[in-house]
Amino acid sequence: MRYGIYVRERLGQILFVSGVLATVEIFLLTLRSSLWIGIYTAICFYGAYFLISWQEFRKEKIYFQNIMESLSGLDKKYLLPEMLGYPGNQEERMLKELLEDLGKSMTDHVNYYKNAEREYKEYIELWIHEVKTPIAAGKLMVENHRTESARELEAELERIESYTEQALFYARSAHVEKDYLIRGVKLKDLVTQAVKRNKRALIAKRASIEMEGLETIVYSDEKWLAFILNQILSNSVKYADKETLKLSFTGNVGKEQITLGIKDNGRGIKSRDLDRVFEKGFTGSRGRQMDQATGLGLYLCKKLCGRLGHGIEIASTEGEGCEVRLIFPRGSYADVI
């Protein structure tokens with residue numbers, strides 16, 4: 001706050017004081033008072049006004065400086081009214097009541113949308129659980145009719161099942177801490193589970209698989225980690241354009257971390273797209289050529305890894321393949337057997 005601006009904003013008051021002073025000066029002239037009395041009166045009028053205005057300015061400046069300091073020290077800015085303390089005058093009391101009303105209104109508004117979001121999430125989860133039943137029934141019917149068309153239908157049913165699972169994990173990804181169980185998991189078991197789940201797609205791509213160093217145990221949530229591996233493996237299958245897909249799963253134990261590398265010989269990722277592959281909805285130049293690309297798979301992998309305390313990195317050379325690395329901390333979180 002600046003005193004010059006403070007005074008300019010009160011120009012009406014100054015004009016009023018000047019008008020009163022002019023009236024007094026005219027009255028003194030009618031009494032034939034000396035010039036020095038008139039000058040002294042003017043000095044007293046303006047001196048008293050500017051002294052009072054300076055005191056008010058200083059008081060307001062200190063008050064608002066305290067507000068700004070309290071605000072800058074708060075992580076939750078809406079708690080500011082609680083930090084103001086007891087108001088010293090009517091204006092401060094009205095300001096505090098106004099901020100409290102605004103805070104309450106904001107809280108009610110946020111709670112409304114939080115409740116709406118929770119209800120929508122619950123509906124999505126319920127819908128996904130319900131739709132799993134007809135999917136399972138359809139797969140059972142296909143098992144009883146082993147024809148070429150039935151095999152194609154089974155592949156489409158598996159794709160539907162994969163997308164419904166992706167939707168379920170997306171709905172739950174904001175609150176992983178409410179639905180996870182950390183325990184020791186062997187990397188080989190996780191990789192084997194992911195390969196079995198995608199066996200038909202891998203057979204169709206004539207995939208060859210190599211595993212090395214997977215006897216390591218890491219600590220994570222098995223269900224969420226299996227989903228992450230499945231998304232990575234699905235991408236490898238989706239973007240394979242060679243006659244034979246080569247996949248390698250490699251575990252590496254370092255001093256501070258354990259790394260699981262998943263490498264393929266697919267199309268790879270353009271260098272200009274590499275920094276954005278974990279962005280929500282980003283499909284890249286390759287993804288835009290394919291109807292199946294949603295831009296959610298790697299985004300969910302990154303988000304879930306962050307929630308679980310894992311790292312994820314990706315390296316790729318266009319036309320030569322891609323490698324995704326999952327990074328697990330060691331110490332009390334991982335052991336080697």
# chains A, B, ... in the order shown; residues from 1 in each chain; ligands from 1
>>> select_by_dssp(residues="region 251-325 of chain A", states="alpha helix (DSSP H)", output="PDB file with N, CA and C atoms, in the first residue's frame")
ATOM      1  N   GLY A 284       0.122 -39.978 -29.699  1.00  0.00           N
ATOM      2  CA  GLY A 284       1.289 -39.867 -30.560  1.00  0.00           C
ATOM      3  C   GLY A 284       0.966 -40.123 -32.014  1.00  0.00           C
ATOM      4  N   SER A 285       1.975 -40.018 -32.849  1.00  0.00           N
ATOM      5  CA  SER A 285       1.771 -40.198 -34.290  1.00  0.00           C
ATOM      6  C   SER A 285       1.419 -41.642 -34.620  1.00  0.00           C
ATOM      7  N   ARG A 286       1.960 -42.604 -33.862  1.00  0.00           N
ATOM      8  CA  ARG A 286       1.607 -44.007 -34.080  1.00  0.00           C
ATOM      9  C   ARG A 286       0.164 -44.279 -33.672  1.00  0.00           C
ATOM     10  N   GLY A 287      -0.198 -43.751 -32.511  1.00  0.00           N
ATOM     11  CA  GLY A 287      -1.543 -44.010 -31.994  1.00  0.00           C
ATOM     12  C   GLY A 287      -2.637 -43.447 -32.873  1.00  0.00           C
ATOM     13  N   GLY A 297      -3.402 -46.008 -21.300  1.00  0.00           N
ATOM     14  CA  GLY A 297      -2.636 -47.100 -20.728  1.00  0.00           C
ATOM     15  C   GLY A 297      -1.398 -46.649 -19.968  1.00  0.00           C
ATOM     16  N   LEU A 298      -0.489 -45.947 -20.649  1.00  0.00           N
ATOM     17  CA  LEU A 298       0.744 -45.495 -19.992  1.00  0.00           C
ATOM     18  C   LEU A 298       0.459 -44.402 -18.969  1.00  0.00           C
ATOM     19  N   TYR A 299      -0.584 -43.606 -19.225  1.00  0.00           N
ATOM     20  CA  TYR A 299      -0.972 -42.591 -18.241  1.00  0.00           C
ATOM     21  C   TYR A 299      -1.345 -43.253 -16.917  1.00  0.00           C
ATOM     22  N   LEU A 300      -2.135 -44.325 -16.984  1.00  0.00           N
ATOM     23  CA  LEU A 300      -2.525 -45.039 -15.768  1.00  0.00           C
ATOM     24  C   LEU A 300      -1.317 -45.716 -15.125  1.00  0.00           C
ATOM     25  N   CYS A 301      -0.416 -46.259 -15.941  1.00  0.00           N
ATOM     26  CA  CYS A 301       0.785 -46.889 -15.390  1.00  0.00           C
ATOM     27  C   CYS A 301       1.600 -45.885 -14.583  1.00  0.00           C
ATOM     28  N   LYS A 302       1.788 -44.704 -15.140  1.00  0.00           N
ATOM     29  CA  LYS A 302       2.549 -43.660 -14.462  1.00  0.00           C
ATOM     30  C   LYS A 302       1.854 -43.238 -13.174  1.00  0.00           C
ATOM     31  N   LYS A 303       0.548 -43.061 -13.235  1.00  0.00           N
ATOM     32  CA  LYS A 303      -0.202 -42.611 -12.071  1.00  0.00           C
ATOM     33  C   LYS A 303      -0.185 -43.652 -10.957  1.00  0.00           C
ATOM     34  N   LEU A 304      -0.388 -44.908 -11.311  1.00  0.00           N
ATOM     35  CA  LEU A 304      -0.419 -45.969 -10.306  1.00  0.00           C
ATOM     36  C   LEU A 304       0.967 -46.213  -9.716  1.00  0.00           C
ATOM     37  N   CYS A 305       2.006 -46.126 -10.543  1.00  0.00           N
ATOM     38  CA  CYS A 305       3.366 -46.272 -10.023  1.00  0.00           C
ATOM     39  C   CYS A 305       3.664 -45.178  -9.005  1.00  0.00           C
ATOM     40  N   GLY A 306       3.237 -43.964  -9.302  1.00  0.00           N
ATOM     41  CA  GLY A 306       3.440 -42.871  -8.361  1.00  0.00           C
ATOM     42  C   GLY A 306       2.717 -43.107  -7.054  1.00  0.00           C
ATOM     43  N   ARG A 307       1.497 -43.653  -7.129  1.00  0.00           N
ATOM     44  CA  ARG A 307       0.736 -43.930  -5.914  1.00  0.00           C
ATOM     45  C   ARG A 307       1.373 -45.042  -5.088  1.00  0.00           C
ATOM     46  N   LEU A 308       1.979 -46.011  -5.762  1.00  0.00           N
ATOM     47  CA  LEU A 308       2.568 -47.157  -5.069  1.00  0.00           C
ATOM     48  C   LEU A 308       4.012 -46.907  -4.642  1.00  0.00           C
TER      49      LEU A 308
END
>>> select_by_dssp(residues="region 160-260 of chain A", states="strand (DSSP E)", output="list in words")
Ile182, Arg183, Gly184, Val185, Lys186, Ser208, Ile209, Glu210, Met211, Glu212, Thr216, Ile217, Val218, Tyr219, Ser220, Asp221, Lys246, Leu247, Ser248, Phe249, Thr250, Gly251, Asn252, Val253, Gln257, Ile258, Thr259 and Leu260 of chain A
>>> write_last_selection(atoms="C-alpha atoms", output="PDB file, in the first residue's frame")
ATOM      1  CA  ILE A 182       1.601 -54.381   0.056  1.00  0.00           C
ATOM      2  CA  ARG A 183       3.399 -57.700   0.267  1.00  0.00           C
ATOM      3  CA  GLY A 184       6.330 -59.550  -1.279  1.00  0.00           C
ATOM      4  CA  VAL A 185       5.772 -60.582  -4.896  1.00  0.00           C
ATOM      5  CA  LYS A 186       8.170 -62.514  -7.116  1.00  0.00           C
ATOM      6  CA  SER A 208       9.171 -65.295 -28.514  1.00  0.00           C
ATOM      7  CA  ILE A 209       9.735 -64.516 -24.852  1.00  0.00           C
ATOM      8  CA  GLU A 210      12.934 -64.335 -22.842  1.00  0.00           C
ATOM      9  CA  MET A 211      13.114 -64.027 -19.045  1.00  0.00           C
ATOM     10  CA  GLU A 212      16.209 -63.293 -17.014  1.00  0.00           C
ATOM     11  CA  THR A 216      13.718 -61.229  -7.276  1.00  0.00           C
ATOM     12  CA  ILE A 217      11.021 -60.352  -4.774  1.00  0.00           C
ATOM     13  CA  VAL A 218       9.670 -56.811  -4.686  1.00  0.00           C
ATOM     14  CA  TYR A 219       7.128 -55.318  -2.337  1.00  0.00           C
ATOM     15  CA  SER A 220       4.016 -53.952  -4.006  1.00  0.00           C
ATOM     16  CA  ASP A 221       0.305 -54.556  -4.470  1.00  0.00           C
ATOM     17  CA  LYS A 246      10.333 -60.545 -29.464  1.00  0.00           C
ATOM     18  CA  LEU A 247       9.800 -59.794 -25.793  1.00  0.00           C
ATOM     19  CA  SER A 248      12.378 -59.844 -23.032  1.00  0.00           C
ATOM     20  CA  PHE A 249      11.770 -59.427 -19.309  1.00  0.00           C
ATOM     21  CA  THR A 250      14.910 -58.629 -17.324  1.00  0.00           C
ATOM     22  CA  GLY A 251      15.332 -58.087 -13.616  1.00  0.00           C
ATOM     23  CA  ASN A 252      18.275 -56.061 -12.378  1.00  0.00           C
ATOM     24  CA  VAL A 253      19.243 -55.663  -8.703  1.00  0.00           C
ATOM     25  CA  GLN A 257      16.667 -50.181  -6.371  1.00  0.00           C
ATOM     26  CA  ILE A 258      15.425 -53.150  -8.338  1.00  0.00           C
ATOM     27  CA  THR A 259      14.514 -52.688 -11.993  1.00  0.00           C
ATOM     28  CA  LEU A 260      12.224 -54.749 -14.195  1.00  0.00           C
TER      29      LEU A 260
END
>>> residues_around(residues="region 198-203 of chain A", least_positions_apart="5", cutoff="8 Å", atoms="only C-alpha atoms", output="compact mmCIF listing (two decimals) with C-alpha atoms, in the first residue's frame")
# COMPACT_ATOMS: atom_id res chain seq x y z
CA ALA A 155 -10.55 -62.18 -29.06
CA ASN A 230 -0.67 -56.05 -18.53
CA LEU A 233 2.46 -55.92 -22.52
CA SER A 234 -0.72 -54.97 -24.37
CA VAL A 237 1.43 -56.48 -28.80
CA LEU A 245 7.37 -60.24 -31.79
>>> atom_distance(atom1="CA of Lys76 (chain A)", atom2="CA of Gly103 (chain A)")
11.2 Å
>>> atom_distance(atom1="CA of Arg10 (chain A)", atom2="CA of Tyr49 (chain A)")
11.3 Å
>>> residues_around(residues="Glu323 (chain A)", least_positions_apart="2", cutoff="7 Å", atoms="only C-alpha atoms", output="PDB file with C-alpha atoms, in the first residue's frame")
ATOM      1  CA  GLY A 261      12.811 -54.066 -17.876  1.00  0.00           C
ATOM      2  CA  ILE A 262      10.222 -55.006 -20.527  1.00  0.00           C
ATOM      3  CA  LYS A 263      11.714 -54.734 -24.006  1.00  0.00           C
ATOM      4  CA  ASP A 264      10.162 -55.424 -27.418  1.00  0.00           C
ATOM      5  CA  ILE A 314      10.598 -45.487 -21.075  1.00  0.00           C
ATOM      6  CA  ALA A 315      13.285 -45.543 -23.744  1.00  0.00           C
ATOM      7  CA  SER A 316      12.774 -46.138 -27.426  1.00  0.00           C
ATOM      8  CA  ARG A 325      11.524 -49.976 -16.885  1.00  0.00           C
TER       9      ARG A 325
END
>>> closest_residue(among="A:Val191, A:Gly311, A:Thr317, A:Gln231", to="Leu274 (chain A)", atoms="only C-alpha atoms")
A:Thr317
>>> closest_residue(among="A:Leu74, A:Ala204, A:Ile228, A:Leu84", to="Leu296 (chain A)", atoms="only C-alpha atoms")
A:Ile228
